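Next comes entry-v2.cif, with mmCIF, C-alpha atoms and all ligand atoms.
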```
data_coords
#
loop_
_atom_site.label_atom_id
_atom_site.label_comp_id
_atom_site.auth_asym_id
_atom_site.auth_seq_id
_atom_site.Cartn_x
_atom_site.Cartn_y
_atom_site.Cartn_z
CA MET A 1 -18.67 -48.90 10.47
CA ARG A 2 -18.92 -45.50 12.09
CA THR A 3 -15.68 -44.08 13.51
CA LYS A 4 -16.30 -42.83 17.01
CA ILE A 5 -16.02 -39.08 17.49
CA ILE A 6 -15.19 -37.53 20.85
CA ALA A 7 -15.45 -33.74 20.98
CA GLY A 8 -14.74 -31.35 23.82
CA ASN A 9 -17.13 -28.42 24.11
CA TRP A 10 -15.18 -25.98 26.22
CA LYS A 11 -18.11 -23.52 26.36
CA MET A 12 -17.01 -20.13 27.80
CA ASN A 13 -13.86 -21.46 29.42
CA LYS A 14 -10.14 -20.94 28.73
CA THR A 15 -8.36 -17.88 27.41
CA ALA A 16 -6.34 -18.20 24.21
CA SER A 17 -3.13 -19.00 26.09
CA GLU A 18 -4.89 -21.43 28.44
CA ALA A 19 -6.44 -23.13 25.41
CA ALA A 20 -3.05 -23.65 23.77
CA ALA A 21 -1.67 -25.07 27.01
CA LEU A 22 -4.59 -27.49 27.43
CA ILE A 23 -4.17 -28.71 23.86
CA GLU A 24 -0.48 -29.36 24.52
CA GLU A 25 -1.49 -31.50 27.50
CA ILE A 26 -4.14 -33.35 25.49
CA ARG A 27 -1.59 -34.06 22.76
CA ALA A 28 0.76 -35.55 25.31
CA GLU A 29 -2.02 -37.70 26.81
CA LEU A 30 -3.09 -38.95 23.39
CA GLU A 31 0.36 -39.69 22.03
CA GLY A 32 0.06 -42.86 19.91
CA VAL A 33 -3.69 -43.20 20.46
CA ILE A 34 -5.52 -43.85 17.19
CA GLY A 35 -8.93 -45.06 16.04
CA VAL A 36 -11.15 -42.28 17.39
CA GLU A 37 -11.81 -38.87 15.82
CA VAL A 38 -10.88 -36.25 18.41
CA VAL A 39 -12.11 -32.65 18.30
CA VAL A 40 -11.67 -29.67 20.61
CA CYS A 41 -14.03 -26.68 20.49
CA PRO A 42 -12.54 -23.70 22.36
CA PRO A 43 -14.14 -20.25 22.49
CA ALA A 44 -13.89 -18.24 19.24
CA VAL A 45 -11.18 -15.90 20.48
CA ALA A 46 -8.93 -18.88 21.26
CA LEU A 47 -9.31 -20.55 17.86
CA LYS A 48 -6.22 -19.01 16.28
CA ASP A 49 -3.90 -20.12 19.07
CA ALA A 50 -5.69 -23.46 19.25
CA ALA A 51 -5.13 -23.96 15.52
CA ALA A 52 -1.40 -23.50 16.03
CA ALA A 53 -1.49 -25.89 18.99
CA VAL A 54 -3.23 -28.74 17.12
CA LYS A 55 -0.97 -28.41 14.07
CA GLY A 56 0.80 -31.66 13.24
CA SER A 57 -1.60 -33.73 15.39
CA ALA A 58 -4.78 -35.62 14.51
CA ILE A 59 -6.86 -33.37 16.76
CA GLY A 60 -9.53 -31.51 14.83
CA LEU A 61 -10.54 -27.96 15.67
CA GLY A 62 -14.16 -26.94 16.16
CA ALA A 63 -16.02 -23.69 16.85
CA GLN A 64 -19.10 -23.30 19.04
CA ASN A 65 -21.33 -21.40 16.61
CA VAL A 66 -21.49 -20.04 13.06
CA HIS A 67 -23.69 -17.49 11.32
CA TRP A 68 -25.53 -18.40 8.12
CA ASP A 69 -24.68 -15.32 6.06
CA GLU A 70 -21.36 -14.94 4.32
CA SER A 71 -20.70 -11.44 5.63
CA GLY A 72 -22.52 -8.27 6.55
CA ALA A 73 -24.00 -6.19 9.34
CA PHE A 74 -24.35 -8.88 12.03
CA THR A 75 -22.51 -7.50 15.03
CA GLY A 76 -20.91 -10.16 17.15
CA GLU A 77 -21.40 -12.98 14.65
CA ILE A 78 -18.78 -15.12 12.88
CA SER A 79 -19.05 -16.55 9.36
CA ALA A 80 -18.09 -19.99 8.12
CA ALA A 81 -15.37 -18.49 5.91
CA MET A 82 -13.80 -16.78 8.94
CA LEU A 83 -13.70 -20.11 10.77
CA LYS A 84 -12.28 -21.95 7.77
CA ASP A 85 -9.58 -19.33 7.41
CA LEU A 86 -8.38 -20.19 10.93
CA GLY A 87 -8.24 -23.91 10.19
CA VAL A 88 -11.55 -24.81 11.85
CA LYS A 89 -13.10 -28.06 10.58
CA TYR A 90 -16.13 -28.60 12.86
CA VAL A 91 -18.80 -26.41 14.41
CA ILE A 92 -21.25 -27.06 17.23
CA ILE A 93 -24.73 -25.89 16.24
CA GLY A 94 -27.91 -25.59 18.32
CA HIS A 95 -26.46 -26.38 21.73
CA SER A 96 -29.20 -26.29 24.38
CA GLU A 97 -27.46 -23.36 26.09
CA ARG A 98 -27.84 -21.38 22.87
CA ARG A 99 -31.46 -22.51 22.55
CA GLN A 100 -32.14 -21.61 26.20
CA TYR A 101 -30.24 -18.32 26.57
CA PHE A 102 -29.72 -16.93 23.08
CA GLY A 103 -32.94 -17.56 21.20
CA GLU A 104 -31.71 -20.40 18.99
CA THR A 105 -34.60 -22.14 17.22
CA ASN A 106 -34.89 -25.15 14.94
CA GLU A 107 -35.11 -22.70 12.06
CA THR A 108 -31.81 -20.96 12.89
CA VAL A 109 -30.21 -24.35 13.54
CA HIS A 110 -31.24 -25.32 10.02
CA LYS A 111 -29.77 -22.16 8.51
CA ARG A 112 -26.49 -22.54 10.39
CA THR A 113 -26.25 -26.22 9.44
CA LYS A 114 -26.76 -25.45 5.74
CA ALA A 115 -24.12 -22.70 5.87
CA ALA A 116 -21.61 -24.93 7.67
CA LEU A 117 -22.09 -27.74 5.17
CA ALA A 118 -21.84 -25.39 2.21
CA ALA A 119 -18.49 -24.18 3.55
CA GLY A 120 -17.19 -27.70 4.05
CA LEU A 121 -17.39 -27.62 7.86
CA THR A 122 -18.70 -30.62 9.79
CA PRO A 123 -21.67 -29.52 11.90
CA LEU A 124 -22.19 -31.14 15.31
CA VAL A 125 -25.92 -30.50 15.63
CA CYS A 126 -27.31 -30.71 19.15
CA VAL A 127 -30.77 -31.90 20.10
CA GLY A 128 -32.31 -32.90 23.41
CA GLU A 129 -35.26 -32.45 25.72
CA THR A 130 -35.58 -30.63 29.04
CA LEU A 131 -36.49 -32.45 32.24
CA GLU A 132 -39.99 -31.00 32.10
CA GLU A 133 -40.43 -32.28 28.55
CA ARG A 134 -39.18 -35.75 29.51
CA ASP A 135 -41.34 -35.94 32.61
CA SER A 136 -44.43 -34.93 30.63
CA GLY A 137 -43.81 -37.62 28.01
CA GLN A 138 -42.67 -35.23 25.27
CA MET A 139 -39.11 -36.45 24.73
CA GLU A 140 -39.97 -38.17 21.48
CA SER A 141 -41.97 -35.32 19.96
CA VAL A 142 -39.42 -32.65 20.96
CA VAL A 143 -36.40 -34.53 19.67
CA THR A 144 -38.00 -35.67 16.41
CA LYS A 145 -39.17 -32.10 15.71
CA GLN A 146 -35.66 -30.77 16.35
CA ILE A 147 -34.29 -33.34 13.88
CA ARG A 148 -36.98 -32.89 11.23
CA GLU A 149 -36.80 -29.10 11.25
CA GLY A 150 -33.10 -28.61 11.94
CA LEU A 151 -31.86 -31.17 9.43
CA ALA A 152 -34.39 -30.85 6.60
CA ASP A 153 -33.39 -30.91 2.94
CA LEU A 154 -29.66 -31.48 3.28
CA GLY A 155 -29.42 -33.63 0.15
CA ASP A 156 -26.15 -35.44 -0.34
CA ASP A 157 -24.55 -33.44 2.48
CA PHE A 158 -26.69 -35.39 4.94
CA THR A 159 -23.98 -37.98 5.49
CA ARG A 160 -21.54 -35.26 6.62
CA ILE A 161 -23.53 -34.20 9.67
CA VAL A 162 -22.90 -35.36 13.22
CA VAL A 163 -25.81 -35.25 15.67
CA ALA A 164 -25.34 -34.82 19.41
CA TYR A 165 -28.10 -36.03 21.73
CA GLU A 166 -27.79 -33.92 24.86
CA PRO A 167 -30.66 -34.29 27.32
CA VAL A 168 -30.75 -30.88 29.00
CA TRP A 169 -31.30 -32.44 32.43
CA ALA A 170 -27.98 -34.27 32.15
CA ILE A 171 -25.83 -31.28 31.15
CA GLY A 172 -23.51 -30.11 33.90
CA THR A 173 -25.70 -31.75 36.53
CA GLY A 174 -23.70 -34.91 37.15
CA ARG A 175 -26.90 -36.76 36.33
CA THR A 176 -26.13 -38.91 33.28
CA ALA A 177 -28.76 -40.62 31.17
CA THR A 178 -28.53 -44.34 31.79
CA PRO A 179 -27.03 -46.25 28.86
CA ALA A 180 -30.52 -47.65 28.17
CA GLN A 181 -32.15 -44.20 28.20
CA ALA A 182 -29.45 -42.82 25.94
CA GLN A 183 -29.63 -45.78 23.54
CA GLU A 184 -33.42 -45.42 23.31
CA ALA A 185 -33.10 -41.76 22.35
CA HIS A 186 -30.26 -42.46 19.90
CA ALA A 187 -32.26 -45.21 18.19
CA LEU A 188 -35.20 -42.81 17.91
CA ILE A 189 -32.90 -40.19 16.39
CA ARG A 190 -31.52 -42.71 13.88
CA ARG A 191 -35.04 -43.81 12.88
CA THR A 192 -35.99 -40.16 12.38
CA LEU A 193 -32.82 -39.53 10.37
CA ALA A 194 -33.77 -42.52 8.19
CA GLU A 195 -37.20 -41.00 7.58
CA ILE A 196 -35.78 -37.70 6.32
CA SER A 197 -32.91 -39.07 4.22
CA SER A 198 -32.53 -41.60 1.46
CA GLY A 199 -30.93 -45.01 1.08
CA ASP A 200 -28.58 -46.03 3.85
CA MET A 201 -27.56 -42.48 4.79
CA ALA A 202 -28.90 -42.59 8.36
CA ASN A 203 -26.69 -45.55 9.16
CA THR A 204 -23.58 -43.55 8.32
CA VAL A 205 -24.41 -40.53 10.53
CA ARG A 206 -22.58 -40.44 13.87
CA ILE A 207 -24.72 -39.67 16.92
CA GLN A 208 -22.83 -38.43 19.98
CA TYR A 209 -24.11 -38.52 23.52
CA GLY A 210 -23.57 -35.44 25.71
CA GLY A 211 -24.46 -34.79 29.33
CA SER A 212 -22.12 -35.55 32.22
CA MET A 213 -20.09 -38.07 30.24
CA LYS A 214 -17.04 -38.92 32.36
CA PRO A 215 -14.23 -41.48 32.27
CA ASP A 216 -16.17 -43.76 34.61
CA ASN A 217 -19.36 -43.93 32.55
CA ALA A 218 -17.90 -43.55 29.05
CA VAL A 219 -17.34 -47.23 28.24
CA GLU A 220 -20.89 -48.19 29.11
CA LEU A 221 -22.39 -45.34 27.11
CA LEU A 222 -20.05 -45.72 24.14
CA SER A 223 -20.74 -49.44 23.87
CA GLN A 224 -24.42 -48.86 23.07
CA PRO A 225 -25.10 -49.71 19.43
CA ASP A 226 -26.29 -46.23 18.39
CA ILE A 227 -23.89 -44.15 20.49
CA ASP A 228 -21.04 -43.16 18.20
CA GLY A 229 -19.15 -40.76 20.41
CA GLY A 230 -19.44 -38.06 22.99
CA LEU A 231 -19.78 -34.30 23.25
CA ILE A 232 -18.02 -33.56 26.50
CA GLY A 233 -18.37 -30.44 28.63
CA GLY A 234 -16.82 -30.37 32.11
CA ALA A 235 -14.63 -33.43 31.66
CA ALA A 236 -13.11 -31.92 28.49
CA LEU A 237 -11.49 -29.11 30.48
CA GLN A 238 -8.87 -31.41 31.92
CA ALA A 239 -6.50 -33.30 29.65
CA ALA A 240 -6.48 -36.47 31.72
CA SER A 241 -10.26 -36.91 31.89
CA PHE A 242 -10.78 -35.95 28.25
CA ALA A 243 -8.07 -38.38 27.13
CA ALA A 244 -9.53 -41.12 29.31
CA ILE A 245 -12.88 -40.75 27.52
CA VAL A 246 -11.13 -40.86 24.13
CA LYS A 247 -9.33 -44.03 25.18
CA ALA A 248 -12.62 -45.54 26.33
CA GLY A 249 -13.85 -45.17 22.76
CA VAL A 250 -10.77 -46.62 21.13
CA SER A 251 -11.41 -50.27 21.79
CA LEU A 252 -15.12 -50.23 21.07
CA ASP A 253 -16.59 -51.27 17.74
CA ALA A 254 -19.12 -48.82 16.36
CA GLY A 255 -20.28 -51.06 13.57
CA PHE A 256 -23.77 -51.98 14.74
CA ARG A 257 -26.61 -51.38 12.33
CA VAL A 258 -30.25 -50.45 12.82
CA GLN A 259 -33.13 -51.83 10.84
CA ARG A 260 -34.66 -49.30 8.51
CA PRO A 261 -38.38 -48.80 9.11
CA ALA A 262 -40.52 -51.11 6.97
CA GLY A 263 -41.41 -49.63 3.58
CA SER A 264 -38.73 -46.94 3.59
P1 LIG B 1 -21.25 -31.68 30.63
O1 LIG B 1 -20.37 -32.78 30.12
O2 LIG B 1 -20.52 -30.68 31.47
O3 LIG B 1 -22.50 -32.21 31.26
O4 LIG B 1 -21.71 -30.83 29.33
C1 LIG B 1 -22.21 -31.50 28.24
C2 LIG B 1 -22.39 -30.54 27.13
O5 LIG B 1 -23.19 -29.64 27.19
C3 LIG B 1 -21.51 -30.70 25.95
O6 LIG B 1 -21.92 -29.90 24.90
#
```

Structure encoded using structure tokens:
Amino acid sequence: MRTKIIAGNWKMNKTASEAAALIEEIRAELEGVIGVEVVVCPPAVALKDAAAAVKGSAIGLGAQNVHWDESGAFTGEISAAMLKDLGVKYVIIGHSERRQYFGETNETVHKRTKAALAAGLTPLVCVGETLEERDSGQMESVVTKQIREGLADLGDDFTRIVVAYEPVWAIGTGRTATPAQAQEAHALIRRTLAEISSGDMANTVRIQYGGSMKPDNAVELLSQPDIDGGLIGGAALQAASFAAIVKAGVSLDAGFRVQRPAGS
């Protein structure tokens, strides 16, 4: 059974003091709520205050990026050790906004993922197609390439990754993938994960959905057999809506299994 994981990607929102205040509110909303892994990913400069704010709660702290080198002349970058030192446990890698605006490629996603795993961080690795790619029938080839290249050769660490399927056309647009569209993509991702890993590993990897997930569509999305959580943007910036999505995941059983492809 895969424990559902709901993570808030705050993107470039909230100062350090605002981040601490939002976490206080989330803690109050989630008092006594158990059964779902909850993560918040504030901007890097808010991580220290956020770490203090999550202390003593079950809320995990995540960053929004990590560099692959341990240290050196990489102005503006942050290493895994620096994140760990602040109490960070998760890191978002390869978000479509980084692919679109900051030159992220499958190759750099791979390097960041390896570095995060080596440091003991849990990478939340994002994949997803643009509207143009979907409309021209390339969803499958784009997403499988992102998986194959970004998550190659992870060995035994493979089971520690989390994948986030975020169709670019659904991010911040209010246009959510239908549960059936999302499930289809998640099943494709799990089949691809099975092809590049061994044994039953692919069945243990959590796959989050991201893209306009809100309290009113969360139950339907989270009840799909291959949707194991959510990566939430806009709705994560308010404690009440974020907590409502977490609670939507609490009662749902994530224990569905997929068939491995024949001969694998
Ligand atoms: P929205 O929930 O605002 O669509 O953002 C999704 C996202 O990009 C999470 O990483």

| note | The distance between CA of Pro215 in chain A and CA of Ile245 in chain A is 5.0 Å

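Using all atoms listed in the file for every distance, the candidate list A:Thr15, A:Thr173, A:Asn217, A:Gln100 yields A:Thr173 as the residue closest to ligand LIG 1 (chain B).
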
| remark: Of A:Ala187, A:Ala164, A:Thr3, A:Gly172, the one nearest to Ala235 in chain A when counting only C-alpha atoms is A:Gly172

| task | Quote the spacing between CA of Met82 in chain A and CA of Ile207 in chain A in Å to one decimal place. | result |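 These atoms are spaced 26.6 Å apart.
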
| request: Check every protein, DNA and RNA residue against ligand LIG 1 (chain B), keep those with an atom at most 9 Å away (counting only C-alpha atoms and all ligand atoms), and present them as a PyMOL selection string. | output: chain A and resi 7-11+92+95-97+126+164+166-176+209-214+230-236
